[in-house]
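*Asks:* Handing you a structure now.
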Amino acid sequence: CCLMKLSILRSAFVAVATSTLRNHPAQLADRYQNIRKMACASSSTKVSAVPELCVFDLDACLWDQEMFEMSAMPSKTLKGDLNGKGEGVLGVYSGRDLIKLHKGSLIALQEHAAGSHPGMKIALASSADTPFAEKVGRAALKMLEVVPGMTVWDLLMRDWDNVDVNQIGRQPPLSSNKARSHFPRLKEATGIRYDRMLFFDDCNWGDHCGMVAAACKEDDSGVGVATLRTPRGLGEREWRMGLKNYAEQAASLN
């Protein structure tokens, strides 16, 4: 099991890290050694009740706006209470439009930052319509805070040793179909099986949850990504329900 996971992670590592580290062989060796240790440490056959990878859509799911409707790069911020964790950046302005995380999104990210779900990592799968929409989204991620002093982007990078595994946009090699492009690339980049993933998406512009659940399955288990639709954004109820659905799926695999 350890060797199988190591093989998967090796391909992911080469794809993601080689382009940035090819001129630094010592760093490349250190990164690979770390991934080798992670693969062996997580080689248990028992499936955890906590997803190994929790994937969030952005627009109308993680936050309340659609990036293709934004008129300007975010600059001005709105500060306020971060769920009792202190004062921080809870909104950023794109022109007159305010971009804010949904309540459940902030709760989910704060729980993850605090280590409330051991073994879980997070990533993004967003089919932002245009290159400018992607730029606005990435800028907002680097400004909105989870807790004072930690942005959403900081938390994403913490999980992956500062490697960007997120799939944002629909420019090639991505597309508008997350089942065909975003999730295969996430699996390659992270080495995590589909049946160890949980995905939240508003599905207001297409049934991404249905397409991902149907197409992204493991051959050996016949099980794929656990999904939950959030047509009104990710609330606390949806967050808890998604975790519950994944736990029930995991129990069926044990």
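In the structure tokens, each chain is lettered A, B, ... as it comes, each chain's residues begin at 1, and ligands are numbered from 1 in order of appearance.
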Kindly assemble as JSON lines a list of the region 129-213 of chain A residues that lie within 12 Å of region 95-108 of chain A, each paired with its nearest atom pair and their distance in Å to one decimal, using only C-alpha atoms, sorted first by chain and then by ascending residue number.
*Replies:*
```
{"residue": "A:Val136", "atom": "CA", "partner": "A:Ile99", "partner_atom": "CA", "distance": 10.3}
{"residue": "A:Gly137", "atom": "CA", "partner": "A:Ile99", "partner_atom": "CA", "distance": 9.5}
{"residue": "A:Ala139", "atom": "CA", "partner": "A:Ile99", "partner_atom": "CA", "distance": 11.1}
{"residue": "A:Ala140", "atom": "CA", "partner": "A:Ile99", "partner_atom": "CA", "distance": 7.7}
{"residue": "A:Leu141", "atom": "CA", "partner": "A:Leu101", "partner_atom": "CA", "distance": 9.9}
{"residue": "A:Met143", "atom": "CA", "partner": "A:Ile99", "partner_atom": "CA", "distance": 10.4}
{"residue": "A:Leu144", "atom": "CA", "partner": "A:Lys100", "partner_atom": "CA", "distance": 7.8}
{"residue": "A:Glu145", "atom": "CA", "partner": "A:Leu106", "partner_atom": "CA", "distance": 8.8}
{"residue": "A:Val146", "atom": "CA", "partner": "A:Leu106", "partner_atom": "CA", "distance": 6.4}
{"residue": "A:Val147", "atom": "CA", "partner": "A:Leu106", "partner_atom": "CA", "distance": 9.1}
{"residue": "A:Thr151", "atom": "CA", "partner": "A:Leu106", "partner_atom": "CA", "distance": 11.0}
{"residue": "A:Val152", "atom": "CA", "partner": "A:Leu106", "partner_atom": "CA", "distance": 9.3}
{"residue": "A:Leu155", "atom": "CA", "partner": "A:Ala108", "partner_atom": "CA", "distance": 11.7}
{"residue": "A:Phe200", "atom": "CA", "partner": "A:Ser105", "partner_atom": "CA", "distance": 10.2}
{"residue": "A:Asp201", "atom": "CA", "partner": "A:Ser105", "partner_atom": "CA", "distance": 11.7}
{"residue": "A:Asp202", "atom": "CA", "partner": "A:His102", "partner_atom": "CA", "distance": 11.9}
```
*Asks:* Selection from above, N, CA and C atoms, as a CSV table (one decimal), in the first residue's frame, can you write it?
*Replies:*
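File produced: out.csv:
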```
chain,number,residue,atom,x,y,z
A,136,VAL,N,-9.0,38.3,-10.1
A,136,VAL,CA,-9.7,38.9,-9.0
A,136,VAL,C,-9.9,37.9,-7.8
A,137,GLY,N,-10.2,36.7,-8.2
A,137,GLY,CA,-10.4,35.6,-7.2
A,137,GLY,C,-9.1,35.3,-6.4
A,139,ALA,N,-6.6,37.3,-6.0
A,139,ALA,CA,-6.3,38.5,-5.1
A,139,ALA,C,-7.1,38.5,-3.9
A,140,ALA,N,-8.4,38.2,-4.0
A,140,ALA,CA,-9.3,38.2,-2.8
A,140,ALA,C,-8.9,37.1,-1.8
A,141,LEU,N,-8.4,35.9,-2.3
A,141,LEU,CA,-8.0,34.9,-1.4
A,141,LEU,C,-6.8,35.3,-0.6
A,143,MET,N,-6.3,38.3,0.5
A,143,MET,CA,-6.7,39.4,1.4
A,143,MET,C,-7.7,39.0,2.5
A,144,LEU,N,-8.6,38.2,2.2
A,144,LEU,CA,-9.6,37.7,3.2
A,144,LEU,C,-8.9,36.9,4.2
A,145,GLU,N,-9.3,37.1,5.5
A,145,GLU,CA,-8.6,36.4,6.6
A,145,GLU,C,-9.5,35.4,7.2
A,146,VAL,N,-8.9,34.3,7.6
A,146,VAL,CA,-9.6,33.2,8.4
A,146,VAL,C,-9.6,33.5,9.9
A,147,VAL,N,-8.4,33.9,10.3
A,147,VAL,CA,-8.2,34.4,11.7
A,147,VAL,C,-7.3,35.6,11.5
A,151,THR,N,-4.5,34.7,6.0
A,151,THR,CA,-5.5,34.8,4.9
A,151,THR,C,-5.9,33.4,4.5
A,152,VAL,N,-6.9,33.3,3.7
A,152,VAL,CA,-7.4,32.0,3.1
A,152,VAL,C,-6.2,31.4,2.3
A,155,LEU,N,-3.6,29.7,4.4
A,155,LEU,CA,-4.1,28.4,4.9
A,155,LEU,C,-3.9,27.4,3.8
A,200,PHE,N,-17.6,20.7,-2.3
A,200,PHE,CA,-18.8,21.6,-2.1
A,200,PHE,C,-18.9,22.5,-3.4
A,201,ASP,N,-20.1,22.7,-4.0
A,201,ASP,CA,-20.2,23.5,-5.1
A,201,ASP,C,-21.7,24.0,-5.1
A,202,ASP,N,-21.9,25.3,-5.5
A,202,ASP,CA,-23.2,25.8,-5.5
A,202,ASP,C,-24.1,25.2,-6.6
```
*Asks:* With a distance cut-off of 10 Å and only C-alpha atoms, select the neighbouring residues of Leu186 (chain A), excluding the residue or stretch itself and same-chain residues fewer than 2 positions from it, and output the selection as a VMD selection string.
*Replies:* chain A and resid 12 53 55 123 to 125 165 to 167 181 to 184 188 to 194
*Asks:* Just to be explicit: take each residue in the selection above, keep N, CA, C and O atoms, and write the result as a short mmCIF file (atom, residue, chain, number, x, y, z; two decimals), in the first residue's frame.
*Replies:*
```
data_model
loop_
_atom_site.label_atom_id
_atom_site.label_comp_id
_atom_site.auth_asym_id
_atom_site.auth_seq_id
_atom_site.Cartn_x
_atom_site.Cartn_y
_atom_site.Cartn_z
N ALA A 12 2.69 12.99 -9.03
CA ALA A 12 2.19 14.31 -8.65
C ALA A 12 3.33 15.26 -8.33
O ALA A 12 3.32 16.42 -8.72
N LEU A 53 -9.08 15.15 1.55
CA LEU A 53 -9.06 16.40 0.79
C LEU A 53 -10.47 16.97 0.72
O LEU A 53 -11.39 16.30 0.24
N VAL A 55 -12.56 19.95 -0.97
CA VAL A 55 -12.43 20.85 -2.12
C VAL A 55 -13.62 21.82 -2.15
O VAL A 55 -14.78 21.39 -2.05
N ALA A 123 -8.38 22.36 -0.77
CA ALA A 123 -7.99 22.88 -2.08
C ALA A 123 -9.21 23.50 -2.73
O ALA A 123 -10.34 23.35 -2.24
N LEU A 124 -8.99 24.16 -3.86
CA LEU A 124 -10.06 24.85 -4.57
C LEU A 124 -10.22 24.29 -5.98
O LEU A 124 -9.24 23.93 -6.64
N ALA A 125 -11.48 24.25 -6.43
CA ALA A 125 -11.80 23.88 -7.81
C ALA A 125 -12.84 24.87 -8.31
O ALA A 125 -14.03 24.75 -8.00
N VAL A 165 -1.62 23.79 -5.53
CA VAL A 165 -2.30 22.67 -6.19
C VAL A 165 -3.70 23.06 -6.65
O VAL A 165 -4.40 22.25 -7.27
N ASN A 166 -4.14 24.28 -6.35
CA ASN A 166 -5.51 24.70 -6.63
C ASN A 166 -5.77 24.81 -8.13
O ASN A 166 -4.89 25.19 -8.90
N GLN A 167 -7.00 24.49 -8.52
CA GLN A 167 -7.39 24.53 -9.92
C GLN A 167 -8.45 25.62 -10.08
O GLN A 167 -9.63 25.43 -9.75
N SER A 181 -11.37 18.13 -15.96
CA SER A 181 -10.09 18.82 -15.85
C SER A 181 -9.67 19.09 -14.41
O SER A 181 -8.60 18.65 -13.98
N HIS A 182 -10.49 19.76 -13.64
CA HIS A 182 -10.09 20.18 -12.30
C HIS A 182 -9.78 19.00 -11.39
O HIS A 182 -8.72 18.99 -10.72
N PHE A 183 -10.67 18.03 -11.34
CA PHE A 183 -10.46 16.94 -10.39
C PHE A 183 -9.38 15.95 -10.80
O PHE A 183 -8.61 15.50 -9.95
N PRO A 184 -9.28 15.57 -12.08
CA PRO A 184 -8.12 14.75 -12.45
C PRO A 184 -6.79 15.43 -12.12
O PRO A 184 -5.84 14.78 -11.67
N GLU A 188 -3.89 14.22 -9.46
CA GLU A 188 -2.49 14.10 -9.87
C GLU A 188 -1.58 14.93 -8.98
O GLU A 188 -0.50 14.48 -8.57
N ALA A 189 -2.01 16.14 -8.65
CA ALA A 189 -1.16 17.05 -7.88
C ALA A 189 -1.03 16.65 -6.42
O ALA A 189 0.00 16.90 -5.80
N THR A 190 -2.08 16.03 -5.87
CA THR A 190 -2.09 15.73 -4.44
C THR A 190 -1.82 14.27 -4.11
O THR A 190 -1.43 13.94 -2.99
N GLY A 191 -2.05 13.38 -5.08
CA GLY A 191 -1.91 11.95 -4.81
C GLY A 191 -3.04 11.37 -3.98
O GLY A 191 -2.93 10.25 -3.49
N ILE A 192 -4.13 12.11 -3.83
CA ILE A 192 -5.25 11.66 -3.01
C ILE A 192 -6.33 11.05 -3.90
O ILE A 192 -6.70 11.61 -4.93
N ARG A 193 -6.84 9.89 -3.48
CA ARG A 193 -7.86 9.17 -4.23
C ARG A 193 -9.17 9.96 -4.26
O ARG A 193 -9.49 10.70 -3.34
N TYR A 194 -9.95 9.73 -5.32
CA TYR A 194 -11.25 10.37 -5.41
C TYR A 194 -12.16 10.00 -4.24
O TYR A 194 -12.91 10.84 -3.75
#
```
*Asks:* If we count only C-alpha atoms, what is near Thr230 (chain A) at a cut-off of 12 Å, once residues fewer than 6 positions away on the same chain are taken out, given as a VMD selection string?
*Replies:* chain A and resid 56 to 64 102 104 to 105 199 to 205 207 to 209 236 to 239 241 to 242
*Asks:* Report the residues of region 35-168 of chain A whose backbone DSSP state falls under strand (DSSP E or B), written as JSON, numbers by chain.
*Replies:* {"A": [53, 54, 55, 56, 59, 63, 77, 78, 79, 80, 81, 87, 88, 89, 90, 91, 92, 93, 94, 97, 98, 99, 100, 101, 121, 122, 123, 124, 125, 126, 145, 146, 147, 150, 151, 167, 168]}
*Asks:* Mind giving me the straight-line distance from CA of Leu109 (chain A) to CA of Arg170 (chain A) in Å, one decimal?
*Replies:* 24.7 Å
*Asks:* Interatomic distance between CA of Arg240 (chain A) and CA of Glu134 (chain A)?
*Replies:*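 One can read the CA of Arg240 (chain A) to CA of Glu134 (chain A) distance as 28.3 Å.
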*Asks:* Can you work out the spacing between CA of Glu66 (chain A) and CA of Thr227 (chain A) in Å, to one decimal?
*Replies:*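 Taking CA of Glu66 (chain A) as the start and CA of Thr227 (chain A) as the end point, the length is 20.8 Å.
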*Asks:* I need the residue nearest Leu253 (chain A) from this list: A:Asp129, A:Asn177, A:Thr45, A:Leu78. Use only C-alpha atoms for the distance.
*Replies:*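 Closest candidate: A:Thr45.
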*Asks:* Return as a PyMOL selection string the full set of residues in region 103-250 of chain A whose backbone-based DSSP assignment is alpha helix (DSSP H).
*Replies:* chain A and resi 103-113+131-141+152-159+182-190+208-215+236-250
*Asks:* Extract, using only C-alpha atoms, all DNA, RNA and protein residues at most 10 Å from Lys217 (chain A), discarding same-chain residues fewer than 4 positions from it, and format them as a list of chain:residue names.
*Replies:*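 So, after excluding close chain neighbours, the residues are A:Arg193, A:Tyr194, A:Asp195, A:Val212, A:Ala213, A:Ser221, A:Gly222, A:Val223, A:Gly224, A:Val225, A:Ala226.
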*Asks:* With distances taken over only C-alpha atoms, which of A:Val163, A:Val47, A:Met67, A:Leu82 is nearest to Ala133 (chain A)?
*Replies:* A:Met67
*Asks:* Would you kindly return, as a list in words, each protein, DNA or RNA residue with an atom no farther than 12 Å from any atom of Lys85 (chain A), considering only C-alpha atoms and excluding same-chain residues fewer than 2 positions away?
*Replies:*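 Close residues of Lys85 (chain A): Gly80, Asp81, Leu82, Asn83, Glu87, Gly88, Val89, Leu90, Leu106, Ile107, Gln110, Glu111, Ala113, Ala114, Glu145, Val146, Val147, Pro148, Gly149 and Met150 of chain A.
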*Asks:* Kindly export the residues of the current selection with N, CA, C and O atoms, as a PDB file, in the first residue's frame.
*Replies:*
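Result file is again.pdb:
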```
ATOM      1  N   GLY A  80     -13.637  43.484  10.568  1.00  0.00           N
ATOM      2  CA  GLY A  80     -14.691  43.207  11.528  1.00  0.00           C
ATOM      3  C   GLY A  80     -14.380  41.951  12.311  1.00  0.00           C
ATOM      4  O   GLY A  80     -13.282  41.388  12.209  1.00  0.00           O
ATOM      5  N   ASP A  81     -15.347  41.481  13.077  1.00  0.00           N
ATOM      6  CA  ASP A  81     -15.164  40.319  13.933  1.00  0.00           C
ATOM      7  C   ASP A  81     -15.169  39.029  13.121  1.00  0.00           C
ATOM      8  O   ASP A  81     -16.073  38.798  12.311  1.00  0.00           O
ATOM      9  N   LEU A  82     -14.174  38.203  13.351  1.00  0.00           N
ATOM     10  CA  LEU A  82     -14.050  36.921  12.648  1.00  0.00           C
ATOM     11  C   LEU A  82     -14.555  35.790  13.561  1.00  0.00           C
ATOM     12  O   LEU A  82     -13.776  35.019  14.123  1.00  0.00           O
ATOM     13  N   ASN A  83     -15.854  35.711  13.710  1.00  0.00           N
ATOM     14  CA  ASN A  83     -16.462  34.643  14.517  1.00  0.00           C
ATOM     15  C   ASN A  83     -15.885  34.551  15.923  1.00  0.00           C
ATOM     16  O   ASN A  83     -15.647  33.449  16.441  1.00  0.00           O
ATOM     17  N   GLU A  87     -10.437  40.628  15.420  1.00  0.00           N
ATOM     18  CA  GLU A  87     -10.767  41.486  14.283  1.00  0.00           C
ATOM     19  C   GLU A  87      -9.815  41.230  13.131  1.00  0.00           C
ATOM     20  O   GLU A  87      -8.598  41.140  13.307  1.00  0.00           O
ATOM     21  N   GLY A  88     -10.390  41.101  11.941  1.00  0.00           N
ATOM     22  CA  GLY A  88      -9.570  40.874  10.760  1.00  0.00           C
ATOM     23  C   GLY A  88     -10.317  41.280   9.511  1.00  0.00           C
ATOM     24  O   GLY A  88     -11.403  41.877   9.566  1.00  0.00           O
ATOM     25  N   VAL A  89      -9.758  40.943   8.357  1.00  0.00           N
ATOM     26  CA  VAL A  89     -10.347  41.311   7.070  1.00  0.00           C
ATOM     27  C   VAL A  89     -11.465  40.328   6.739  1.00  0.00           C
ATOM     28  O   VAL A  89     -11.209  39.172   6.387  1.00  0.00           O
ATOM     29  N   LEU A  90     -12.716  40.777   6.849  1.00  0.00           N
ATOM     30  CA  LEU A  90     -13.841  39.892   6.551  1.00  0.00           C
ATOM     31  C   LEU A  90     -14.487  40.199   5.210  1.00  0.00           C
ATOM     32  O   LEU A  90     -15.381  39.493   4.756  1.00  0.00           O
ATOM     33  N   LEU A 106     -16.341  30.374   6.530  1.00  0.00           N
ATOM     34  CA  LEU A 106     -15.432  30.873   7.553  1.00  0.00           C
ATOM     35  C   LEU A 106     -15.315  29.874   8.696  1.00  0.00           C
ATOM     36  O   LEU A 106     -14.209  29.622   9.197  1.00  0.00           O
ATOM     37  N   ILE A 107     -16.429  29.275   9.089  1.00  0.00           N
ATOM     38  CA  ILE A 107     -16.392  28.257  10.147  1.00  0.00           C
ATOM     39  C   ILE A 107     -15.529  27.079   9.714  1.00  0.00           C
ATOM     40  O   ILE A 107     -14.680  26.590  10.468  1.00  0.00           O
ATOM     41  N   GLN A 110     -11.847  28.085   9.659  1.00  0.00           N
ATOM     42  CA  GLN A 110     -11.329  28.270  11.017  1.00  0.00           C
ATOM     43  C   GLN A 110     -11.131  26.932  11.713  1.00  0.00           C
ATOM     44  O   GLN A 110     -10.134  26.730  12.420  1.00  0.00           O
ATOM     45  N   GLU A 111     -12.047  26.006  11.528  1.00  0.00           N
ATOM     46  CA  GLU A 111     -11.887  24.676  12.115  1.00  0.00           C
ATOM     47  C   GLU A 111     -10.661  23.983  11.540  1.00  0.00           C
ATOM     48  O   GLU A 111      -9.897  23.327  12.261  1.00  0.00           O
ATOM     49  N   ALA A 113      -8.012  25.467  10.248  1.00  0.00           N
ATOM     50  CA  ALA A 113      -6.822  26.163  10.748  1.00  0.00           C
ATOM     51  C   ALA A 113      -6.471  25.704  12.154  1.00  0.00           C
ATOM     52  O   ALA A 113      -5.292  25.624  12.521  1.00  0.00           O
ATOM     53  N   ALA A 114      -7.495  25.375  12.954  1.00  0.00           N
ATOM     54  CA  ALA A 114      -7.283  24.942  14.337  1.00  0.00           C
ATOM     55  C   ALA A 114      -6.979  23.452  14.452  1.00  0.00           C
ATOM     56  O   ALA A 114      -6.732  22.963  15.560  1.00  0.00           O
ATOM     57  N   GLU A 145      -9.280  37.148   5.482  1.00  0.00           N
ATOM     58  CA  GLU A 145      -8.625  36.442   6.584  1.00  0.00           C
ATOM     59  C   GLU A 145      -9.534  35.389   7.220  1.00  0.00           C
ATOM     60  O   GLU A 145     -10.745  35.575   7.337  1.00  0.00           O
ATOM     61  N   VAL A 146      -8.901  34.307   7.636  1.00  0.00           N
ATOM     62  CA  VAL A 146      -9.573  33.222   8.360  1.00  0.00           C
ATOM     63  C   VAL A 146      -9.561  33.534   9.853  1.00  0.00           C
ATOM     64  O   VAL A 146     -10.574  33.434  10.544  1.00  0.00           O
ATOM     65  N   VAL A 147      -8.401  33.871  10.335  1.00  0.00           N
ATOM     66  CA  VAL A 147      -8.186  34.416  11.677  1.00  0.00           C
ATOM     67  C   VAL A 147      -7.250  35.602  11.495  1.00  0.00           C
ATOM     68  O   VAL A 147      -6.593  35.724  10.454  1.00  0.00           O
ATOM     69  N   PRO A 148      -7.177  36.505  12.459  1.00  0.00           N
ATOM     70  CA  PRO A 148      -6.305  37.667  12.286  1.00  0.00           C
ATOM     71  C   PRO A 148      -4.866  37.264  11.925  1.00  0.00           C
ATOM     72  O   PRO A 148      -4.252  36.448  12.614  1.00  0.00           O
ATOM     73  N   GLY A 149      -4.386  37.788  10.819  1.00  0.00           N
ATOM     74  CA  GLY A 149      -3.018  37.511  10.394  1.00  0.00           C
ATOM     75  C   GLY A 149      -2.865  36.310   9.487  1.00  0.00           C
ATOM     76  O   GLY A 149      -1.768  36.071   8.966  1.00  0.00           O
ATOM     77  N   MET A 150      -3.928  35.536   9.256  1.00  0.00           N
ATOM     78  CA  MET A 150      -3.866  34.379   8.360  1.00  0.00           C
ATOM     79  C   MET A 150      -4.939  34.501   7.281  1.00  0.00           C
ATOM     80  O   MET A 150      -6.128  34.458   7.562  1.00  0.00           O
TER      81      MET A 150
END
```
*Asks:* Find the spatial neighbours of Ala247 (chain A), counting only C-alpha atoms, within a cut-off of 8 Å - ignore same-chain residues fewer than 4 positions away - and output them as a list in words.
*Replies:*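 Residues meeting the cut-off are Ser48, Ala49, Val50, Pro51, Leu243 and Ala251 of chain A.
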*Asks:* Quick one: everything within 8 Å of Asp159 (chain A), counting only C-alpha atoms, minus sequence neighbours fewer than 3 positions away in the same chain. Send it as a PyMOL selection string.
*Replies:* chain A and resi 121-122+155-156+162
*Asks:* Selected residues, all heavy atoms, written as a PDB file, in the first residue's frame, please.
*Replies:*
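So out-v5.pdb came out as:
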```
ATOM      1  N   LYS A 121      -6.839  18.002   4.328  1.00  0.00           N
ATOM      2  CA  LYS A 121      -6.261  19.145   3.648  1.00  0.00           C
ATOM      3  C   LYS A 121      -7.344  19.782   2.787  1.00  0.00           C
ATOM      4  O   LYS A 121      -8.394  19.177   2.548  1.00  0.00           O
ATOM      5  CB  LYS A 121      -5.056  18.728   2.792  1.00  0.00           C
ATOM      6  CG  LYS A 121      -3.888  18.187   3.614  1.00  0.00           C
ATOM      7  CD  LYS A 121      -2.687  17.894   2.738  1.00  0.00           C
ATOM      8  CE  LYS A 121      -1.506  17.421   3.583  1.00  0.00           C
ATOM      9  NZ  LYS A 121      -0.292  17.192   2.763  1.00  0.00           N
ATOM     10  N   ILE A 122      -7.075  20.983   2.319  1.00  0.00           N
ATOM     11  CA  ILE A 122      -8.078  21.686   1.524  1.00  0.00           C
ATOM     12  C   ILE A 122      -7.482  22.158   0.203  1.00  0.00           C
ATOM     13  O   ILE A 122      -6.272  22.319   0.063  1.00  0.00           O
ATOM     14  CB  ILE A 122      -8.683  22.884   2.281  1.00  0.00           C
ATOM     15  CG1 ILE A 122      -7.609  23.922   2.623  1.00  0.00           C
ATOM     16  CG2 ILE A 122      -9.411  22.416   3.536  1.00  0.00           C
ATOM     17  CD1 ILE A 122      -8.169  25.221   3.201  1.00  0.00           C
ATOM     18  N   LEU A 155      -3.611  29.715   4.441  1.00  0.00           N
ATOM     19  CA  LEU A 155      -4.062  28.406   4.913  1.00  0.00           C
ATOM     20  C   LEU A 155      -3.935  27.357   3.825  1.00  0.00           C
ATOM     21  O   LEU A 155      -3.489  26.228   4.074  1.00  0.00           O
ATOM     22  CB  LEU A 155      -5.516  28.511   5.387  1.00  0.00           C
ATOM     23  CG  LEU A 155      -6.124  27.266   6.036  1.00  0.00           C
ATOM     24  CD1 LEU A 155      -5.317  26.820   7.251  1.00  0.00           C
ATOM     25  CD2 LEU A 155      -7.577  27.542   6.428  1.00  0.00           C
ATOM     26  N   LEU A 156      -4.280  27.728   2.599  1.00  0.00           N
ATOM     27  CA  LEU A 156      -4.132  26.798   1.472  1.00  0.00           C
ATOM     28  C   LEU A 156      -2.673  26.412   1.268  1.00  0.00           C
ATOM     29  O   LEU A 156      -2.348  25.236   1.058  1.00  0.00           O
ATOM     30  CB  LEU A 156      -4.682  27.444   0.202  1.00  0.00           C
ATOM     31  CG  LEU A 156      -6.202  27.575   0.097  1.00  0.00           C
ATOM     32  CD1 LEU A 156      -6.565  28.610  -0.947  1.00  0.00           C
ATOM     33  CD2 LEU A 156      -6.834  26.227  -0.237  1.00  0.00           C
ATOM     34  N   ASN A 162       3.612  25.241   0.474  1.00  0.00           N
ATOM     35  CA  ASN A 162       3.730  26.375  -0.438  1.00  0.00           C
ATOM     36  C   ASN A 162       3.676  26.010  -1.918  1.00  0.00           C
ATOM     37  O   ASN A 162       4.082  26.816  -2.773  1.00  0.00           O
ATOM     38  CB  ASN A 162       4.996  27.188  -0.146  1.00  0.00           C
ATOM     39  CG  ASN A 162       4.899  27.935   1.169  1.00  0.00           C
ATOM     40  OD1 ASN A 162       3.858  28.517   1.490  1.00  0.00           O
ATOM     41  ND2 ASN A 162       5.968  27.902   1.943  1.00  0.00           N
TER      42      ASN A 162
END
```
